[in-house]
Structures are given as C-alpha cells and as structure tokens.
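Heads up, the thing below is written out as structure tokens.
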Amino acid sequence: MAGPLFESLATLSVRVIAEAIDARVGHLRTKAGRQEVDLIVEAFDGSVVGIEVKLSAHITDAHVKHLHWLREQMPDRVSDLVMLYSGKYAYRRSDGVAVVPLGLLGD
C-alpha cells in the first residue's frame with residue numbers, strides 16, 4: 001500500500017505546482033499497457049516534462065525506461081525527464097534524467 005500512497009502524494013504535489021504555472025497534468029499509458037508514464041506535465045507552449053514516481057531509495061535503468069520511450073516519441077516536445085523517488089539526494093543521471101527526492105518539491 002505504501003507505493004500507491006507515495007505516488008498519490010507525488011501526483012498531488014506536482015498538480016499543485018503545475019496549477020501555479022497554468023500547466024496541465026496527465027497520465028500516459030499505451031493501449032496495450034506496454035509503456036506508462038506516471039505524470040505528463042504540459043506547459044502552455046506545448047513543451048512536456050515526463051515524470052516517473054518510484055518508492056525506492058535507488059534508481060536503476062529499468063526505472064527510467066518509459067521516460068526514454070517518451071522522449072523517443074516526442075523528441076521536439078519533451079523538455080525534461082524527472083524521476084521522483086524516496087531517496088535523499090537530487091542529481092542528474094548520465095542519460096539526462098533528473099532524479100529528485102519527493103521531499104524537495106515543497107522547498
């Protein structure tokens with residue numbers, strides 16, 4: 001039950017921030033369910049930030065594979081990719097994905 005609660009808290013936090021900048025927040029899942037991105041934030045100019053949420057202290061390549069898929073599908077629109085997680089440190093992976101502790105969103 002902790003995973004879905006963590007994802008709900010992350011979704012609420014992202015929606016509050018997005019509302020402040022007049023951005024829309026959605027969810028993406030392909031028809032067959034093979035790809036899923038937890039949150040898609042779309043700005044007024046059409047640019048997109050893909051966000052995955054994981055209740056994990058460490059992020060692996062498997063955790064970000066759907067974010068890379070999103071960038072492949074929308075290379076001109078994706079402005080950033082973000083992994084929200086339960087770890088302590090914010091950093092950018094060598095593949096460009098920003099890894100951000102959920103607790104930092106309120107700061």
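We name chains A, B, ... following the order of the structure tokens; residues begin at 1 in each chain, and ligands are numbered from 1 as shown.
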
Could you list, with a cut-off of 10 Å and counting only C-alpha atoms, the residues of region 10-61 of chain A near region 95-99 of chain A, each shown with its nearest atom pair and the distance in Å rounded to one decimal, rows sorted by chain and ascending number, as CSV?
```
residue,atom,partner,partner_atom,distance
A:Gly50,CA,A:Val97,CA,9.6
A:Ile51,CA,A:Ala98,CA,9.4
A:Glu52,CA,A:Val99,CA,9.6
A:Val53,CA,A:Val99,CA,9.9
A:His58,CA,A:Val99,CA,9.6
A:Ile59,CA,A:Val99,CA,7.9
A:Asp61,CA,A:Asp95,CA,9.4
```

Can those selected residues be exported to a file as a JSON list (two decimals), in the first residue's frame so that it contains C-alpha atoms?
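Ended up saving to selection.json:
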```json
[["chain", "number", "residue", "atom", "x", "y", "z"],
["A", 50, "GLY", "CA", 7.72, 13.40, -18.19],
["A", 51, "ILE", "CA", 7.72, 12.27, -14.57],
["A", 52, "GLU", "CA", 8.00, 8.78, -13.11],
["A", 53, "VAL", "CA", 7.42, 8.09, -9.42],
["A", 58, "HIS", "CA", 17.91, 3.87, -5.58],
["A", 59, "ILE", "CA", 17.06, 4.44, -9.24],
["A", 61, "ASP", "CA", 17.96, 1.96, -15.71]]
```

Expected answer as a ChimeraX atom specification: helix (DSSP H, G or I) residues in chain A: /A:2-20,61-73,102-106

Expected answer as a PyMOL selection string: strand (DSSP E or B) residues in chain A: chain A and resi 24-29+36-42+48-54+78-85+91-92+98-101

Surrounding residues of Tyr89 (chain A) excluding itself and chain neighbours under 2 positions, 8 Å, only C-alpha atoms, as a short mmCIF file (atom, residue, chain, number, x, y, z; two decimals) with C-alpha atoms, in the first residue's frame:
```
data_model
loop_
_atom_site.label_atom_id
_atom_site.label_comp_id
_atom_site.auth_asym_id
_atom_site.auth_seq_id
_atom_site.Cartn_x
_atom_site.Cartn_y
_atom_site.Cartn_z
CA GLY A 87 15.94 8.75 -1.72
CA TYR A 91 21.17 14.54 -9.14
CA VAL A 99 16.41 12.27 -10.06
CA VAL A 100 14.65 14.25 -7.34
CA PRO A 101 13.56 13.28 -3.83
#
```

Show which residues sit within 12 Å of region 63-76 of chain A, as a VMD selection string. Count only C-alpha atoms, and ignore same-chain residues fewer than 3 positions away. chain A and resid 27 to 30 33 to 40 45 to 60 79 to 85 93 to 99

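With only C-alpha atoms as the basis for measurement, A:Ala43 is the residue among A:Ala43, A:Ala32, A:Ala62, A:Ala90 that approaches Ile17 (chain A) most closely.
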
I'd like the neighbourhood of Ala23 (chain A) as a PyMOL selection string, where a residue qualifies if any of its atoms comes within 9 Å (using only C-alpha atoms), though same-chain residues fewer than 5 positions away should be ignored. chain A and resi 15+17-18+41-44

Any chance you can output those residues with C-alpha atoms as an mmCIF file, in the first residue's frame?
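Listing of again-v3.cif after writing:
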```cif
data_model
loop_
_atom_site.group_PDB
_atom_site.id
_atom_site.type_symbol
_atom_site.label_atom_id
_atom_site.label_comp_id
_atom_site.auth_asym_id
_atom_site.auth_seq_id
_atom_site.Cartn_x
_atom_site.Cartn_y
_atom_site.Cartn_z
ATOM 1 C CA ARG A 15 -0.552 19.126 -9.671
ATOM 2 C CA ILE A 17 2.971 23.215 -8.713
ATOM 3 C CA ALA A 18 1.613 22.829 -12.257
ATOM 4 C CA VAL A 41 3.170 18.000 -17.374
ATOM 5 C CA GLU A 42 2.338 20.107 -20.428
ATOM 6 C CA ALA A 43 3.083 23.818 -20.442
ATOM 7 C CA PHE A 44 1.096 26.438 -22.372
#
```
